[in-house]
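Here's the structure, in structure tokens; my notes come after.
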Amino acid sequence: MAKTAAAPAVIIRARVDWLQGALLAALLALCFFLVLYPVARVLWVALADENNRLTLVHFQNFFLRPLFREALWNSLWSGFLVVAFGALIAVPLAYVFARYEFRGKILLQTLATLPLVVPPFVGAVAFQQILGRSGAVNLLLMQWFDFSIPFMEGMTGVVLVQTLHFFPLIMLNTGVSLANIDATLEEMARSLGCHGFRLFRRVTLPLMLPGFVAGSLLAFIRAIDDLGTPLMLNYKNLLAPQAYLRITTIGIDDVDGYVICVVLVVLSLASLFAARKYVGLAEYATVQVGRSARMPIHGKKLFFVLLASALALAVALLPHLGIFLLSLAKVWSYSMLPTRWTLDNYAEILFRVPHFIKNTLVYTGLAAGLDVVLGAAIAFLLARSRLWGVNLLDALATLPLAIPGVVLAVGYIRVFHGWDFPGLGAPLSSTWIILVIVYTMRRLPYTVRACHAALQQVHVSLEESAQNLGASRLRTFWRVTLPLIGGGLVAGGLLAFVTSCVELSSTIMLVPRVELGPISYGIYVYMQSPLGRGAGAALGVVAILLVAAGTYLTHRAFGARAGGAFRV
Amino acid sequence: MKQLAALFLLAISLASAPLYAKDIVIVTSFPKELFENYKKAFEAKNPGATVVINSKQTNAGVTYLRETKAKPEADIFWVSAPDAFQTLKNDGLLEKYAPPKEIMARIPAKIGNFPVHDTDGTYFGFAISGYGLMWNKNYLAANKLPAPKEWTDLGNPRYFGHLVISAPSRSGTTHLTIETILQAYGWDKGWALLLNAGGNMGAITERSFGVPEAVVSGQYGIGVVIDFFGLSAIASGQPVDFVYPSLTSVVPASVAIVKGAPNMDGAKAFVNYLLSEPGQMLLFSPDIARLPVVPDLYGKGPANYPNPFKTKMGGVEFNDQLSSGRRDIVNSLYDHVITFRHKELKDAWAAIYKAEDAAAKSKGPKAAEAKSLAADARKLASQVPMDEKKASDKELVKAFQGKSGIKAQMETEWENAARANYAKAKETADKAAALAK
């Protein structure tokens, strides 16, 4: 159905496109200088022998060690499970948001994005306080039924937490695709007697694949590269924690840590190209983009939709509730709720040390803005250009997803520390600009993937007709393409902002002084002493509120303008 | 777009305020309460001087100093873990310094058997720490458990699943605790205790601070910690308590000047301040709660403050050379037989406890046989696949740090031996339990 509905696309570009070429060269240079080169400076050790010659012997050793084989298998399996379970939560939510209109929808959409923000350290403590072995839920179960559930143990715990953490990636990207599906296609199917699940499986599902695959890919790569969750659960037999533990051990240059990083990068790139190949098998572009009608629902149906979404989100947002309680707690120890309360933590972070919040706004705002611009340009080339080097650009722009923050941070110090940046009087790595750069590059894959998925649904003939009517290419991009992929852009930018707000692994390496640290760094500093737990949690609450406000405002602003350019 | 560009330009101009040469830049892993108190006090005493804090985890701090060595930006390195200082010293990243005689004269050369300062004058002990056990009173009461007293309590079956420790490879202070146990009880007996305790651990954390966090929040009952984690948690009103076991060792937390520090005079002034009387007295504040290195100051401190120079806290003649010589091997061994095999180890010990319990209660004809099988299982799960001499072998230690495959080979051997031992132990214990029925 999907394949026949789309007009066959025949794109032949005979002449060499200089403008595209220049853009491609510039973007390639940028990604090379800010991603590949710094990372290669660090990871080279995995490919070199004692005399600094190229060797693959370390990789051979990797596969010979039972510990690493176990970790590799665990990582792949948990990544797969996270995507599978995540899709079960994400797709219905995305469908509800894309197809139905009801009061309080934006609020629900905002809440559904929040699970992505789990502030470092306090998130872990809150998870434990709620779902841990002496957490509120288990204490309650013990009291009422005299048993407890090990939510937070081993691989099961990792999969559970990561599913709750990463499903919004699938939801947001699937949502963009769903919103771009021409509703008449579904109507036609319905009039031909196709209903219910069959309609979803035969029409809707195939059409929403670009976004779904893009989201699943992001979730899979994030899950196998995720460090926070396994470390929080003290589960170490996965690739990412094995790499981290080996790289950050004092006094040993453990080559295995870097070898695992390379393995992770290869895995991520392989899944990227596999996903692209799969999506590339079919054509998703439609000429009539986005006449997707949204049905208002009320009464019983609305009640069930709300109940189901609220149940899913309530579980996913339990840790956030935990962080909030923690921020008000003076003593919360082996009890369902805190036993002594205080507001002093907020006084501390809002009035005594307000710079953490201010810094976060500046850094992540700038980074998300840059990501949107770069992501739109890169995605445009990926979808529209046949130039040599496009695939390389795709790989380079996706690479940061798979690179541990600590590796990129060390790479930046190696590359930038040696020379004073013109006009700064200091190396780039000694100023806070490096933080904006590292956030921009680490979160660039989100905008690229989101825009790319959106562009795959925009038929090139729309742009061609604009140009036939005399519009210049820049004008075409500005007036035709950009509004059509606006949803993807905003979704990607939002993801970049959301995830940068709580980034820690490269932040902690690159912050030049306490006063220049963002919220995540502030949380780290507070969480080094038992006294700072509450203040750290209060900062976590602020991070969550910032993200909520950002999400809410983007939904409001872009939902109202241009007849729903933003349909996430 | 235009606004964005303007914003970016503005950002760049804001960021271009360079670090002032007068700043004293300190890389530290210490908590906020500690470094802020010192920053305030030092700046009040030295008008015009500014202390800039760059707070990093110990390992991030070491990496940072290594990566910036061509053009150092930090003046002071200030952390707890002795291994971090040894590593930096070996890399030639610490500056030699001799603080004024009148300051040094008040500090003894050794605490127990442990030198307070680096004998080559590259780093200086400014506070003393002891190791011990911290527990959550609510948790123990709810689970009807007695408070622990000694390291050997960690192997007690009743604490199964209630304990927490950080991996020694991740925490210099835990490594010293492990070494204390190995030196106090001997290599084989020490490892037997560590493996038994490892089986009892509910969790093995990746950060030292994960342990007090887990105990304070009540996720686990008892944690192996450095004293100030316990003391400062008590001071902040948490329902926890702390004890020094009778066989423990005390170790200094240190400060060093970074080689080629941009503000050498400032760095020296800061080290002098830290070791002088006003700097030492600050350690007594309840939110810092550390032990000064100047013995005669304890008379001026709060009443009942632990005094490591008077009370016999250092029951172990701690051999620092032995400890630092085999550090990498002991840490990696611990990870490969305990941390990464935690599940198998836990399963084995659970089976052993069950078998021992069943055998003790059994009145059947095969009770004696069950007992002896359970003892076999215990022995299997207490075996460390490495002998003491080899752990200190100089060539092996060196090969362990380099790129050769020896490290990978050793680690694989340990892992395989551990897997085999624990599986056999569990099998034997299950057999014993079946016999006892």
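FYI, nothing fancy with the structure tokens labels: chains A, B, ... in order, residues from 1 per chain, ligands from 1 as they appear.
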- Message: Could you work out which residues of chain B fall inside 6 Å of chain A? Count only C-alpha atoms, and format the result as number ranges by chain.
- Response: B: 16, 31, 53-54, 59, 87, 205, 217-219, 233, 401
Print the selection's residues with N, CA and C atoms to a file, as a PDB file, in the first residue's frame.
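Saved the output as again33.pdb:
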```pdb
ATOM      1  N   SER B  16      36.069  35.556  26.648  1.00  0.00           N
ATOM      2  CA  SER B  16      37.471  35.824  26.397  1.00  0.00           C
ATOM      3  C   SER B  16      38.185  36.468  27.581  1.00  0.00           C
ATOM      4  N   PRO B  31      34.809  17.555  48.726  1.00  0.00           N
ATOM      5  CA  PRO B  31      33.455  18.117  48.688  1.00  0.00           C
ATOM      6  C   PRO B  31      33.464  19.627  48.867  1.00  0.00           C
ATOM      7  N   ILE B  53      38.573  27.167  42.019  1.00  0.00           N
ATOM      8  CA  ILE B  53      38.407  25.735  42.244  1.00  0.00           C
ATOM      9  C   ILE B  53      37.974  25.041  40.963  1.00  0.00           C
ATOM     10  N   ASN B  54      38.700  23.995  40.618  1.00  0.00           N
ATOM     11  CA  ASN B  54      38.323  23.153  39.488  1.00  0.00           C
ATOM     12  C   ASN B  54      38.037  21.773  40.062  1.00  0.00           C
ATOM     13  N   ASN B  59      40.090  10.559  39.201  1.00  0.00           N
ATOM     14  CA  ASN B  59      40.664  10.055  37.942  1.00  0.00           C
ATOM     15  C   ASN B  59      40.586  11.093  36.829  1.00  0.00           C
ATOM     16  N   THR B  87      51.014   8.075  41.125  1.00  0.00           N
ATOM     17  CA  THR B  87      50.989   8.040  39.663  1.00  0.00           C
ATOM     18  C   THR B  87      51.524   9.344  39.076  1.00  0.00           C
ATOM     19  N   THR B 205      30.040  -0.708  44.304  1.00  0.00           N
ATOM     20  CA  THR B 205      29.796   0.537  43.569  1.00  0.00           C
ATOM     21  C   THR B 205      31.021   0.969  42.796  1.00  0.00           C
ATOM     22  N   SER B 217      20.821   6.475  52.365  1.00  0.00           N
ATOM     23  CA  SER B 217      19.456   6.343  51.855  1.00  0.00           C
ATOM     24  C   SER B 217      18.813   5.040  52.305  1.00  0.00           C
ATOM     25  N   GLY B 218      19.601   4.143  52.909  1.00  0.00           N
ATOM     26  CA  GLY B 218      19.023   2.908  53.431  1.00  0.00           C
ATOM     27  C   GLY B 218      18.851   1.813  52.394  1.00  0.00           C
ATOM     28  N   GLN B 219      19.535   1.944  51.242  1.00  0.00           N
ATOM     29  CA  GLN B 219      19.450   0.852  50.261  1.00  0.00           C
ATOM     30  C   GLN B 219      20.183  -0.378  50.772  1.00  0.00           C
ATOM     31  N   ALA B 233      28.330  12.413  57.770  1.00  0.00           N
ATOM     32  CA  ALA B 233      26.916  12.030  57.653  1.00  0.00           C
ATOM     33  C   ALA B 233      26.243  12.077  59.025  1.00  0.00           C
ATOM     34  N   GLN B 401      51.369  -2.833  33.515  1.00  0.00           N
ATOM     35  CA  GLN B 401      51.044  -1.440  33.184  1.00  0.00           C
ATOM     36  C   GLN B 401      51.205  -1.156  31.703  1.00  0.00           C
TER      37      GLN B 401
END
```
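Here the DSSP assignment of alpha helix (DSSP H), based on backbone atoms, applies within range 254-298 of chain B to Met264, Asp265, Gly266, Ala267, Lys268, Ala269, Phe270, Val271, Asn272, Tyr273, Leu274, Leu275, Glu277, Pro278, Gly279, Gln280 and Met281 of chain B.
When the distance limit is 7 Å and only C-alpha atoms are what count, the residues near Leu116 in chain A, minus those fewer than 6 positions from it on the same chain, are His165, Phe166 and Pro168 of chain A.
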Mind running range 78-124 of chain B against range 293-296 of chain B at 8 Å and telling me each contacting residue's nearest atom pair with the distance in Å (one decimal), counting only C-alpha atoms, chain and number ascending, as a tab-separated table?
```
residue	atom	partner	partner_atom	distance
B:Arg106	CA	B:Val294	CA	5.8
B:Ile107	CA	B:Val294	CA	5.0
B:Pro108	CA	B:Val294	CA	7.4
B:Val116	CA	B:Val293	CA	7.9
```
Could the residues in this selection be written to a file with C-alpha atoms, as a PDB file, in the first residue's frame?
```pdb
ATOM      1  CA  ARG B 106      55.117  20.208  64.177  1.00  0.00           C
ATOM      2  CA  ILE B 107      54.162  17.318  61.899  1.00  0.00           C
ATOM      3  CA  PRO B 108      55.537  13.826  62.660  1.00  0.00           C
ATOM      4  CA  VAL B 116      52.796  11.450  56.308  1.00  0.00           C
TER       5      VAL B 116
END
```
Which residues are near Ile149 in chain A? Cut-off 12 Å, only C-alpha atoms, ignore same chain within fewer than 5 positions. Put them as a PDB file with N, CA and C atoms, in the first residue's frame.
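Full text of selection-v6.pdb as output:
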```pdb
ATOM      1  N   ILE A 130      12.920   5.223  45.166  1.00  0.00           N
ATOM      2  CA  ILE A 130      11.564   4.835  44.771  1.00  0.00           C
ATOM      3  C   ILE A 130      11.498   3.344  44.440  1.00  0.00           C
ATOM      4  N   LEU A 131      12.420   2.889  43.565  1.00  0.00           N
ATOM      5  CA  LEU A 131      12.315   1.514  43.071  1.00  0.00           C
ATOM      6  C   LEU A 131      13.371   0.580  43.646  1.00  0.00           C
ATOM      7  N   GLY A 132      14.303   1.100  44.429  1.00  0.00           N
ATOM      8  CA  GLY A 132      15.407   0.283  44.937  1.00  0.00           C
ATOM      9  C   GLY A 132      14.943  -0.777  45.918  1.00  0.00           C
ATOM     10  N   ARG A 133      15.909  -1.538  46.456  1.00  0.00           N
ATOM     11  CA  ARG A 133      15.490  -2.650  47.317  1.00  0.00           C
ATOM     12  C   ARG A 133      14.896  -2.154  48.622  1.00  0.00           C
ATOM     13  N   SER A 134      15.287  -0.947  49.084  1.00  0.00           N
ATOM     14  CA  SER A 134      14.586  -0.336  50.212  1.00  0.00           C
ATOM     15  C   SER A 134      13.856   0.919  49.752  1.00  0.00           C
ATOM     16  N   GLY A 135      13.410   0.919  48.498  1.00  0.00           N
ATOM     17  CA  GLY A 135      12.714   2.072  47.952  1.00  0.00           C
ATOM     18  C   GLY A 135      11.268   2.112  48.407  1.00  0.00           C
ATOM     19  N   ALA A 136      10.613   3.240  48.120  1.00  0.00           N
ATOM     20  CA  ALA A 136       9.241   3.435  48.594  1.00  0.00           C
ATOM     21  C   ALA A 136       8.321   2.308  48.136  1.00  0.00           C
ATOM     22  N   VAL A 137       8.441   1.910  46.855  1.00  0.00           N
ATOM     23  CA  VAL A 137       7.542   0.884  46.329  1.00  0.00           C
ATOM     24  C   VAL A 137       7.743  -0.441  47.060  1.00  0.00           C
ATOM     25  N   ASN A 138       9.005  -0.832  47.231  1.00  0.00           N
ATOM     26  CA  ASN A 138       9.259  -2.108  47.887  1.00  0.00           C
ATOM     27  C   ASN A 138       8.926  -2.081  49.372  1.00  0.00           C
ATOM     28  N   LEU A 139       9.160  -0.953  50.031  1.00  0.00           N
ATOM     29  CA  LEU A 139       8.783  -0.858  51.445  1.00  0.00           C
ATOM     30  C   LEU A 139       7.269  -1.009  51.587  1.00  0.00           C
ATOM     31  N   LEU A 140       6.550  -0.400  50.624  1.00  0.00           N
ATOM     32  CA  LEU A 140       5.098  -0.506  50.626  1.00  0.00           C
ATOM     33  C   LEU A 140       4.668  -1.960  50.421  1.00  0.00           C
ATOM     34  N   LEU A 141       5.293  -2.608  49.444  1.00  0.00           N
ATOM     35  CA  LEU A 141       4.980  -4.010  49.169  1.00  0.00           C
ATOM     36  C   LEU A 141       5.281  -4.881  50.389  1.00  0.00           C
ATOM     37  N   MET A 142       6.410  -4.596  51.034  1.00  0.00           N
ATOM     38  CA  MET A 142       6.792  -5.369  52.218  1.00  0.00           C
ATOM     39  C   MET A 142       5.734  -5.217  53.308  1.00  0.00           C
ATOM     40  N   THR A 156      18.055  -7.141  34.223  1.00  0.00           N
ATOM     41  CA  THR A 156      16.636  -6.798  34.192  1.00  0.00           C
ATOM     42  C   THR A 156      16.459  -5.340  34.573  1.00  0.00           C
ATOM     43  N   GLY A 157      17.143  -4.947  35.630  1.00  0.00           N
ATOM     44  CA  GLY A 157      17.055  -3.565  36.074  1.00  0.00           C
ATOM     45  C   GLY A 157      17.536  -2.610  35.000  1.00  0.00           C
TER      46      GLY A 157
END
```
- Skipping near chain neighbours, those fewer than 4 positions away, what residues fall within 10 Å of Ile222 in chain B using only C-alpha atoms, listed as a ChimeraX atom specification? /B:133-137,139-140,147-148,154,159,161-165,201-202,211-212,214-216,218,240-242
Please save C-alpha atoms of the selected residues as an mmCIF file, in the first residue's frame.
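So the final result, stored in selection-v8.cif, reads:
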```cif
data_model
loop_
_atom_site.group_PDB
_atom_site.id
_atom_site.type_symbol
_atom_site.label_atom_id
_atom_site.label_comp_id
_atom_site.auth_asym_id
_atom_site.auth_seq_id
_atom_site.Cartn_x
_atom_site.Cartn_y
_atom_site.Cartn_z
ATOM 1 C CA LEU B 133 32.366 0.527 58.803
ATOM 2 C CA MET B 134 29.337 2.766 58.572
ATOM 3 C CA TRP B 135 25.770 1.570 59.037
ATOM 4 C CA ASN B 136 22.204 2.781 58.832
ATOM 5 C CA LYS B 137 20.550 2.419 62.223
ATOM 6 C CA TYR B 139 17.954 -0.377 58.361
ATOM 7 C CA LEU B 140 19.649 -2.609 60.915
ATOM 8 C CA ALA B 147 25.913 -3.436 64.409
ATOM 9 C CA PRO B 148 29.228 -4.703 62.979
ATOM 10 C CA LEU B 154 31.800 -8.768 56.707
ATOM 11 C CA TYR B 159 24.827 -9.875 56.730
ATOM 12 C CA GLY B 161 23.057 -9.079 50.849
ATOM 13 C CA HIS B 162 23.119 -6.188 53.328
ATOM 14 C CA LEU B 163 26.643 -4.890 52.645
ATOM 15 C CA VAL B 164 28.083 -2.416 50.156
ATOM 16 C CA ILE B 165 31.662 -1.526 49.156
ATOM 17 C CA MET B 201 27.899 -7.670 49.274
ATOM 18 C CA GLY B 202 24.570 -6.446 47.992
ATOM 19 C CA VAL B 211 28.811 3.666 49.453
ATOM 20 C CA PRO B 212 27.823 6.362 51.984
ATOM 21 C CA ALA B 214 23.613 3.816 49.640
ATOM 22 C CA VAL B 215 23.911 3.574 53.423
ATOM 23 C CA VAL B 216 22.449 7.021 54.100
ATOM 24 C CA GLY B 218 19.023 2.908 53.431
ATOM 25 C CA VAL B 240 23.900 6.434 60.686
ATOM 26 C CA ASP B 241 26.847 5.396 62.819
ATOM 27 C CA PHE B 242 30.500 4.585 62.246
#
```
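Nearest-residue note for Leu374 in chain A: choosing from A:Leu489, A:Val122, A:Ala90, A:Leu43, the minimum distance belongs to A:Leu489, counting only C-alpha atoms.
The residue that comes closest to Leu313 in chain A, out of A:Gly21, A:Gly389, A:Pro404, A:Pro115 and on the basis of only C-alpha atoms, is A:Pro115.
Closest to Arg170 in chain B among B:Ser392, B:Gln238, B:Asn200, B:Gln57 is B:Gln57, based on only C-alpha atoms.
Residues within 8 Å of range 66-76 of chain B, counting only C-alpha atoms and excluding same-chain residues fewer than 4 positions away, are A:Val410, A:Ile413, A:Arg414, A:His417, A:Gly418, B:Ile24, B:Val25, B:Ile26, B:Val27, B:Val62, B:Leu93, B:Val255, B:Ala256, B:Ile257, B:Val258, B:Lys259, B:Gly260, B:Ala261, B:Pro262, B:Asn263, B:Met264, B:Ala267.
Residue nearest Arg207 in chain B within the list B:Ser232, B:Ser276, B:Ser166, B:Ser285: B:Ser166 [criterion: smallest interatomic distance, only C-alpha atoms].
Residues of range 379-563 of chain A carrying a DSSP assignment of strand (DSSP E), computed from the backbone, are Asp420, Phe421, Ala426 and Pro427 of chain A.
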File of the preceding selection, N, CA and C atoms, as a compact mmCIF listing (two decimals), in the first residue's frame:
```txt
# COMPACT_ATOMS: atom_id res chain seq x y z
N ASP A 420 46.75 29.01 21.88
CA ASP A 420 45.78 30.04 22.27
C ASP A 420 44.87 30.36 21.10
N PHE A 421 43.59 30.31 21.36
CA PHE A 421 42.64 30.63 20.31
C PHE A 421 42.71 32.11 20.00
N ALA A 426 43.59 32.60 25.33
CA ALA A 426 43.69 31.35 26.08
C ALA A 426 43.30 30.22 25.14
N PRO A 427 43.69 28.99 25.45
CA PRO A 427 43.23 27.89 24.60
C PRO A 427 41.72 27.75 24.70
```
- Task: Measure the distance from CA of Arg384 in chain A to CA of Ala397 in chain A in Å and round it to one decimal.
- Result: 16.5 Å
- Item | Selected residue, from A:Pro296, A:Thr55, A:Val161, A:Leu178, that lies nearest to Arg103 in chain A when counting only C-alpha atoms | A:Pro296
- Separation of CA of Pro252 in chain B from CA of Ser80 in chain B, in Å and rounded to one decimal: 7.6 Å
- Message: Need to verify the contact set: Val117 in chain A, 10 Å, only C-alpha atoms, exclusion of same-chain residues closer than 6 positions in sequence. Can you return it as a PyMOL selection string?
- Response: chain A and resi 123+165-166+320+495+498-503+540+543-545+547-548
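Here CA of Ala105 in chain B stands at a distance of 13.3 Å from CA of Phe124 in chain B.
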